[in-house]
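Participant: What follows is a single structure, and I will ask about it in a moment.
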Amino acid sequence: MSFSLLGLQPAIQKAVEQAGYTQPTPIQQQAIPAVLAGRDLLAAAQTGTGKTAGFVLPILQRLSQTKSKHPRPTRALILTPTRELAAQISEQITKYSQFIEPKLKHLVVFGGVNINPQMMALRGGVDILTATPGRLLDLIGQNAVKINEVEVLVLDEADRMLDMGFIRDIQKILNLLPKVRQNLLFSATFDNEIKSLTNKLLKDPLMINVAPENSTAEKIEQKVYHVTKGQKTGALISLIEQNNWQQVLVFMATKHEANRLTEKLESAGITAAAIHGNKSQNARTAALAGFKSNEVRVLVASDVAARGIDIAQLPFVVNFALPRSAADYVHRIGRTGRAGMTGLAVSLVCPDEIPQLKQVEKLIGMKIPVAELSGIPASNHNDHDLTVRPPRPPRPQAKKPAGAGQKPAAGAKPAAPRRPRPAGSSSQPHTAGGSNAGGNSQGQGQRPAPRRSNPAPQRQGNN
Ligand code: AMP
């Protein structure tokens, strides 16, 4: 199917051509005609499916076909969980709207940066506003923007917004919107909370399910490497170097660990940058720009920060630690294999994480193939020690004399006799300070506010 069959106007088709798209993705084929016809939409679509163009293109067309009033009211509102995702959507709006005349005004607003320039930019109104919920409410509170004439509402990555504790903010925003409007909801996963939101929000929606529910994109090759905690850093470095991986996105359990790993990669001669919620917006933007331009080989990220990363053909994603929620695994590996490209998603799984791995496999409905590591330094049971050591020689077998079978690596010390471990001790000791890279991230997770059950609004940091 070609874009010309979808009913898009020439100015939009021209932009799509210029973007290099030859045919609409499956979600675009279904979403574009429905949105043009004014229908509500419920789309189970992961990032990487082309969903953004799926809603942006028809919204542009609808808005450009009717004149905006004066002063310009906000006619389309796009809510997203993170600043990065908001910025990426805005980039796509710029790209797809460039030939439309008269010009549509659009603006992106998010927290973590000075609100004043956003207030100035909102003077005179914008047709399309892309926003994170918290900052939008702040702007509404300051009388900088009104949303009572919104014609189309988009909730992008709605599951993530709920995960991040935005449900009360979203409810407040919904109360300020006009009753009659078009609603488009995109979500990669559907649990009961999302289902209840969709029931309230959507009227007779067209349901689109481009990937089976809670499944991983088909084009992503997945691998698990079973390692100990102490082997993770060395394993990652070996994988990057041996396979000459470029543009590797690595997910960490905590911001602290993201910083530490970045330092270690750098000291191993691999350019790396960390991106997480504690970094300033400028630092995040610079890290992302360096990664996109291939100056930075490895981007070490938390889940939240990585949410909006859209890099065409991102080839490698590594779960240094498995996420706490299995659905996050789907989100994470959706960073690769984007829009039909193939990608590789690797998980470094230590014994503590086996239950999480089982959860992930249950959710995606398949066993992830296990791969073998070659030449990976033996575990030193300390994630923070980057020293590359020769493999530990095999322990003496009961019936064989010591040294029989495999030879110890050259230069390696003979295996020390095993000391009996006190009862109850773990083979995976936690490092001092509760650091838990690669381990069970309970209580230390990168993920911010859990879904709220308390009445007081408490929104995510800077959003
Ligand atoms: P999204 O799922 O919206 O995050 O889009 C993922 C990527 O796919 C973005 O880099 C888009 O530029 C790209 N993309 C969107 N539509 C198409 C298309 N029809 N053909 C090829 N690439 C596309």
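Ligands are numbered from 1 in the order shown, residues from 1 within each chain, and chains are lettered A, B, ... in the order they appear in the structure tokens.
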Hey, what's within 12 Å of Ala274 of chain A if we count only C-alpha atoms and toss same-chain stuff fewer than 6 positions away? As a ChimeraX atom specification, please?

Facilitator: /A:248-252,254-266,280,283-288,290-291,296-303,305-306

Participant: Would you save the residues from that selection as an mmCIF file, in the first residue's frame, using N, CA and C atoms?

Facilitator:
data_model
loop_
_atom_site.group_PDB
_atom_site.id
_atom_site.type_symbol
_atom_site.label_atom_id
_atom_site.label_comp_id
_atom_site.auth_asym_id
_atom_site.auth_seq_id
_atom_site.Cartn_x
_atom_site.Cartn_y
_atom_site.Cartn_z
ATOM 1 N N VAL A 248 25.183 1.281 21.312
ATOM 2 C CA VAL A 248 24.616 0.303 22.237
ATOM 3 C C VAL A 248 23.862 1.059 23.333
ATOM 4 N N LEU A 249 22.617 0.693 23.525
ATOM 5 C CA LEU A 249 21.839 1.302 24.606
ATOM 6 C C LEU A 249 21.785 0.298 25.753
ATOM 7 N N VAL A 250 22.285 0.712 26.921
ATOM 8 C CA VAL A 250 22.356 -0.207 28.060
ATOM 9 C C VAL A 250 21.410 0.278 29.156
ATOM 10 N N PHE A 251 20.570 -0.624 29.625
ATOM 11 C CA PHE A 251 19.626 -0.273 30.690
ATOM 12 C C PHE A 251 20.136 -0.722 32.048
ATOM 13 N N MET A 252 20.051 0.195 32.985
ATOM 14 C CA MET A 252 20.533 -0.078 34.334
ATOM 15 C C MET A 252 19.371 -0.044 35.321
ATOM 16 N N THR A 254 19.662 1.351 38.443
ATOM 17 C CA THR A 254 19.656 2.603 39.201
ATOM 18 C C THR A 254 20.502 3.667 38.501
ATOM 19 N N LYS A 255 20.215 4.920 38.850
ATOM 20 C CA LYS A 255 20.962 6.045 38.284
ATOM 21 C C LYS A 255 22.419 5.969 38.704
ATOM 22 N N HIS A 256 22.611 5.621 39.960
ATOM 23 C CA HIS A 256 23.946 5.502 40.526
ATOM 24 C C HIS A 256 24.768 4.488 39.718
ATOM 25 N N GLU A 257 24.160 3.359 39.457
ATOM 26 C CA GLU A 257 24.865 2.326 38.694
ATOM 27 C C GLU A 257 25.121 2.769 37.261
ATOM 28 N N ALA A 258 24.199 3.548 36.728
ATOM 29 C CA ALA A 258 24.393 4.059 35.359
ATOM 30 C C ALA A 258 25.652 4.925 35.323
ATOM 31 N N ASN A 259 25.806 5.764 36.336
ATOM 32 C CA ASN A 259 27.006 6.617 36.385
ATOM 33 C C ASN A 259 28.269 5.783 36.516
ATOM 34 N N ARG A 260 28.210 4.791 37.390
ATOM 35 C CA ARG A 260 29.417 3.978 37.623
ATOM 36 C C ARG A 260 29.797 3.196 36.377
ATOM 37 N N LEU A 261 28.818 2.624 35.739
ATOM 38 C CA LEU A 261 29.133 1.832 34.545
ATOM 39 C C LEU A 261 29.725 2.734 33.462
ATOM 40 N N THR A 262 29.161 3.929 33.350
ATOM 41 C CA THR A 262 29.674 4.871 32.346
ATOM 42 C C THR A 262 31.157 5.134 32.588
ATOM 43 N N GLU A 263 31.505 5.371 33.839
ATOM 44 C CA GLU A 263 32.925 5.613 34.163
ATOM 45 C C GLU A 263 33.766 4.409 33.779
ATOM 46 N N LYS A 264 33.259 3.231 34.055
ATOM 47 C CA LYS A 264 34.048 2.018 33.786
ATOM 48 C C LYS A 264 34.215 1.763 32.298
ATOM 49 N N LEU A 265 33.174 2.023 31.559
ATOM 50 C CA LEU A 265 33.300 1.857 30.107
ATOM 51 C C LEU A 265 34.329 2.844 29.569
ATOM 52 N N GLU A 266 34.227 4.067 30.071
ATOM 53 C CA GLU A 266 35.182 5.098 29.623
ATOM 54 C C GLU A 266 36.596 4.655 29.954
ATOM 55 N N SER A 280 20.773 16.998 34.133
ATOM 56 C CA SER A 280 20.033 18.178 33.675
ATOM 57 C C SER A 280 19.532 17.916 32.251
ATOM 58 N N ALA A 283 22.334 18.133 29.827
ATOM 59 C CA ALA A 283 23.231 16.967 29.816
ATOM 60 C C ALA A 283 22.575 15.811 29.080
ATOM 61 N N ARG A 284 21.263 15.662 29.276
ATOM 62 C CA ARG A 284 20.548 14.569 28.601
ATOM 63 C C ARG A 284 20.526 14.796 27.099
ATOM 64 N N THR A 285 20.246 16.028 26.721
ATOM 65 C CA THR A 285 20.197 16.341 25.292
ATOM 66 C C THR A 285 21.568 16.124 24.663
ATOM 67 N N ALA A 286 22.629 16.553 25.375
ATOM 68 C CA ALA A 286 23.985 16.404 24.828
ATOM 69 C C ALA A 286 24.345 14.924 24.703
ATOM 70 N N ALA A 287 23.981 14.131 25.712
ATOM 71 C CA ALA A 287 24.298 12.691 25.682
ATOM 72 C C ALA A 287 23.593 12.035 24.491
ATOM 73 N N LEU A 288 22.335 12.399 24.309
ATOM 74 C CA LEU A 288 21.565 11.810 23.219
ATOM 75 C C LEU A 288 22.116 12.235 21.858
ATOM 76 N N GLY A 290 25.201 13.108 21.191
ATOM 77 C CA GLY A 290 26.480 12.411 20.990
ATOM 78 C C GLY A 290 26.256 10.974 20.554
ATOM 79 N N PHE A 291 25.253 10.357 21.132
ATOM 80 C CA PHE A 291 24.941 8.967 20.802
ATOM 81 C C PHE A 291 24.419 8.867 19.368
ATOM 82 N N VAL A 296 29.353 8.988 20.834
ATOM 83 C CA VAL A 296 29.247 8.194 22.059
ATOM 84 C C VAL A 296 28.782 6.800 21.642
ATOM 85 N N ARG A 297 29.583 5.794 22.028
ATOM 86 C CA ARG A 297 29.280 4.444 21.559
ATOM 87 C C ARG A 297 28.202 3.768 22.409
ATOM 88 N N VAL A 298 28.233 4.070 23.697
ATOM 89 C CA VAL A 298 27.286 3.413 24.602
ATOM 90 C C VAL A 298 26.503 4.461 25.383
ATOM 91 N N LEU A 299 25.203 4.354 25.342
ATOM 92 C CA LEU A 299 24.358 5.217 26.150
ATOM 93 C C LEU A 299 23.826 4.369 27.296
ATOM 94 N N VAL A 300 24.139 4.797 28.514
ATOM 95 C CA VAL A 300 23.742 4.017 29.690
ATOM 96 C C VAL A 300 22.546 4.727 30.299
ATOM 97 N N ALA A 301 21.422 4.033 30.367
ATOM 98 C CA ALA A 301 20.181 4.753 30.637
ATOM 99 C C ALA A 301 19.329 4.090 31.702
ATOM 100 N N SER A 302 18.515 4.913 32.310
ATOM 101 C CA SER A 302 17.451 4.392 33.152
ATOM 102 C C SER A 302 16.215 4.230 32.265
ATOM 103 N N ASP A 303 15.250 3.482 32.751
ATOM 104 C CA ASP A 303 14.044 3.243 31.947
ATOM 105 C C ASP A 303 13.362 4.532 31.543
ATOM 106 N N ALA A 305 14.416 7.661 31.414
ATOM 107 C CA ALA A 305 15.127 8.541 30.491
ATOM 108 C C ALA A 305 15.134 7.964 29.084
ATOM 109 N N ALA A 306 15.152 6.652 28.991
ATOM 110 C CA ALA A 306 15.287 6.034 27.680
ATOM 111 C C ALA A 306 13.977 5.968 26.924
#

Participant: Please run DSSP on the backbone and report, as an mmCIF file with C-alpha atoms, in the first residue's frame, all residues within segment 131-360 of chain A that come out as helix (DSSP H, G or I).

Facilitator:
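Below you can see part-v8.cif, which holds the result:
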data_model
loop_
_atom_site.group_PDB
_atom_site.id
_atom_site.type_symbol
_atom_site.label_atom_id
_atom_site.label_comp_id
_atom_site.auth_asym_id
_atom_site.auth_seq_id
_atom_site.Cartn_x
_atom_site.Cartn_y
_atom_site.Cartn_z
ATOM 1 C CA PRO A 133 1.276 16.269 32.213
ATOM 2 C CA GLY A 134 2.960 18.035 35.117
ATOM 3 C CA ARG A 135 4.299 20.953 33.140
ATOM 4 C CA LEU A 136 1.017 21.345 31.295
ATOM 5 C CA LEU A 137 -0.820 21.715 34.597
ATOM 6 C CA ASP A 138 1.757 24.236 35.772
ATOM 7 C CA LEU A 139 1.224 26.274 32.612
ATOM 8 C CA ILE A 140 -2.535 26.055 32.940
ATOM 9 C CA GLY A 141 -2.171 27.164 36.571
ATOM 10 C CA ALA A 158 -0.445 5.785 28.275
ATOM 11 C CA ASP A 159 0.740 2.737 30.198
ATOM 12 C CA ARG A 160 3.979 4.512 30.967
ATOM 13 C CA MET A 161 2.178 7.635 32.129
ATOM 14 C CA LEU A 162 0.208 5.568 34.610
ATOM 15 C CA ASP A 163 3.352 3.733 35.705
ATOM 16 C CA ILE A 167 -3.080 9.338 36.635
ATOM 17 C CA ARG A 168 -4.258 12.206 38.852
ATOM 18 C CA ASP A 169 -2.656 14.783 36.606
ATOM 19 C CA ILE A 170 -4.302 13.156 33.617
ATOM 20 C CA GLN A 171 -7.650 13.186 35.361
ATOM 21 C CA LYS A 172 -7.273 16.890 36.127
ATOM 22 C CA ILE A 173 -6.403 17.562 32.515
ATOM 23 C CA LEU A 174 -9.372 15.527 31.270
ATOM 24 C CA ASN A 175 -11.673 17.636 33.455
ATOM 25 C CA LEU A 176 -10.479 20.798 31.719
ATOM 26 C CA ASN A 192 -6.559 -3.319 34.240
ATOM 27 C CA GLU A 193 -5.717 0.282 35.065
ATOM 28 C CA ILE A 194 -5.226 1.140 31.402
ATOM 29 C CA LYS A 195 -8.385 -0.724 30.511
ATOM 30 C CA SER A 196 -10.379 1.300 33.029
ATOM 31 C CA LEU A 197 -8.947 4.551 31.659
ATOM 32 C CA THR A 198 -9.782 3.565 28.102
ATOM 33 C CA ASN A 199 -13.327 2.617 29.080
ATOM 34 C CA LYS A 200 -13.883 6.069 30.560
ATOM 35 C CA LEU A 201 -12.139 7.988 27.830
ATOM 36 C CA LYS A 229 26.745 -10.239 39.078
ATOM 37 C CA GLY A 230 30.475 -9.811 39.114
ATOM 38 C CA GLN A 231 30.793 -10.794 35.477
ATOM 39 C CA LYS A 232 28.365 -8.271 34.083
ATOM 40 C CA THR A 233 30.678 -5.364 33.445
ATOM 41 C CA GLY A 234 33.355 -7.554 31.910
ATOM 42 C CA ALA A 235 30.751 -9.411 29.871
ATOM 43 C CA LEU A 236 29.374 -6.174 28.499
ATOM 44 C CA ILE A 237 32.802 -4.887 27.554
ATOM 45 C CA SER A 238 33.680 -8.178 25.873
ATOM 46 C CA LEU A 239 30.426 -8.242 23.914
ATOM 47 C CA ILE A 240 30.934 -4.682 22.730
ATOM 48 C CA GLU A 241 34.550 -5.198 21.788
ATOM 49 C CA GLN A 242 34.406 -8.692 20.367
ATOM 50 C CA LYS A 255 20.962 6.045 38.284
ATOM 51 C CA HIS A 256 23.946 5.502 40.526
ATOM 52 C CA GLU A 257 24.865 2.326 38.694
ATOM 53 C CA ALA A 258 24.393 4.059 35.359
ATOM 54 C CA ASN A 259 27.006 6.617 36.385
ATOM 55 C CA ARG A 260 29.417 3.978 37.623
ATOM 56 C CA LEU A 261 29.133 1.832 34.545
ATOM 57 C CA THR A 262 29.674 4.871 32.346
ATOM 58 C CA GLU A 263 32.925 5.613 34.163
ATOM 59 C CA LYS A 264 34.048 2.018 33.786
ATOM 60 C CA LEU A 265 33.300 1.857 30.107
ATOM 61 C CA GLU A 266 35.182 5.098 29.623
ATOM 62 C CA SER A 267 38.170 3.750 31.509
ATOM 63 C CA GLN A 281 18.025 18.522 30.513
ATOM 64 C CA ASN A 282 21.088 19.933 28.774
ATOM 65 C CA ALA A 283 23.231 16.967 29.816
ATOM 66 C CA ARG A 284 20.548 14.569 28.601
ATOM 67 C CA THR A 285 20.197 16.341 25.292
ATOM 68 C CA ALA A 286 23.985 16.404 24.828
ATOM 69 C CA ALA A 287 24.298 12.691 25.682
ATOM 70 C CA LEU A 288 21.565 11.810 23.219
ATOM 71 C CA ALA A 289 23.029 13.998 20.500
ATOM 72 C CA GLY A 290 26.480 12.411 20.990
ATOM 73 C CA PHE A 291 24.941 8.967 20.802
ATOM 74 C CA LYS A 292 22.952 9.776 17.671
ATOM 75 C CA ASP A 303 14.044 3.243 31.947
ATOM 76 C CA VAL A 304 12.429 6.615 32.299
ATOM 77 C CA ALA A 305 15.127 8.541 30.491
ATOM 78 C CA ALA A 306 15.287 6.034 27.680
ATOM 79 C CA ALA A 326 8.157 -7.565 32.778
ATOM 80 C CA ALA A 327 6.253 -5.020 30.681
ATOM 81 C CA ASP A 328 9.300 -2.768 30.888
ATOM 82 C CA TYR A 329 11.281 -5.445 29.128
ATOM 83 C CA VAL A 330 8.968 -5.005 26.157
ATOM 84 C CA HIS A 331 9.426 -1.239 26.293
ATOM 85 C CA ARG A 332 13.165 -1.517 26.593
ATOM 86 C CA ILE A 333 13.787 -3.858 23.743
ATOM 87 C CA ARG A 338 12.442 -0.007 15.034
ATOM 88 C CA ALA A 339 10.084 0.376 12.101
ATOM 89 C CA GLY A 340 10.925 -2.910 10.501
ATOM 90 C CA PRO A 351 21.011 -16.040 39.366
ATOM 91 C CA ASP A 352 19.051 -13.485 41.439
ATOM 92 C CA GLU A 353 17.218 -12.422 38.322
ATOM 93 C CA ILE A 354 15.922 -15.797 37.212
ATOM 94 C CA PRO A 355 12.432 -15.111 38.634
ATOM 95 C CA GLN A 356 12.306 -11.832 36.649
ATOM 96 C CA LEU A 357 13.454 -13.670 33.534
ATOM 97 C CA LYS A 358 10.640 -16.176 34.005
ATOM 98 C CA GLN A 359 8.138 -13.330 34.308
ATOM 99 C CA VAL A 360 9.434 -11.776 31.103
#

Participant: Within 6 Å of segment 127-131 of chain A, counting only C-alpha atoms, which residues show up once you throw out same-chain ones fewer than 2 positions away? Write them as a list in words, please.

Facilitator: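 Once the adjacent positions are removed, what remains is Thr74, Arg75, Ala76, Leu77, Ile78, Leu79, Lys105, His106, Leu107, Val108, Val109, Phe110 and Leu136 of chain A.
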
Participant: Set the distance at 7 Å and use only C-alpha atoms: which residues neighbour Leu185 of chain A once local chain neighbours fewer than 2 positions away are removed? I'd like the list as a compact mmCIF listing (two decimals) with C-alpha atoms, in the first residue's frame.

Facilitator:
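Written output follows (part.txt):
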# COMPACT_ATOMS: atom_id res chain seq x y z
CA LEU A 41 -8.59 5.10 18.58
CA LEU A 42 -7.24 2.51 20.96
CA ALA A 43 -3.92 1.30 19.68
CA VAL A 154 -3.58 12.01 22.23
CA LEU A 155 -2.36 9.97 25.18
CA ASP A 156 0.90 8.52 23.98
CA ALA A 158 -0.45 5.78 28.27
CA ASN A 183 -9.42 10.74 21.73
CA SER A 187 -0.13 1.95 24.84

Participant: Looking at only C-alpha atoms and all ligand atoms, which of A:Glu101, A:Glu151, A:Glu372, A:Glu17 is the one that sits closest to ligand 1?

Facilitator: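 Result for the nearest residue to ligand 1: A:Glu17.
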
Participant: Need to verify the contact set: segment 1-6 of chain A, 8 Å, only C-alpha atoms, exclusion of same-chain residues closer than 3 positions in sequence. Can you return it as a ChimeraX atom specification?

Facilitator: /A:13,22-24,29,32-33

Participant: Put those residues in a file: C-alpha atoms, as a PDB file, in the first residue's frame.

Facilitator:
ATOM      1  CA  GLN A  13       2.556  13.243   1.257  1.00  0.00           C
ATOM      2  CA  THR A  22       7.973   4.394   0.883  1.00  0.00           C
ATOM      3  CA  GLN A  23       4.932   2.784   2.431  1.00  0.00           C
ATOM      4  CA  PRO A  24       2.851   3.192   5.548  1.00  0.00           C
ATOM      5  CA  GLN A  29      -2.504   1.980   7.370  1.00  0.00           C
ATOM      6  CA  ILE A  32      -4.618   7.321   9.435  1.00  0.00           C
ATOM      7  CA  PRO A  33      -8.006   6.769   7.715  1.00  0.00           C
TER       8      PRO A  33
END
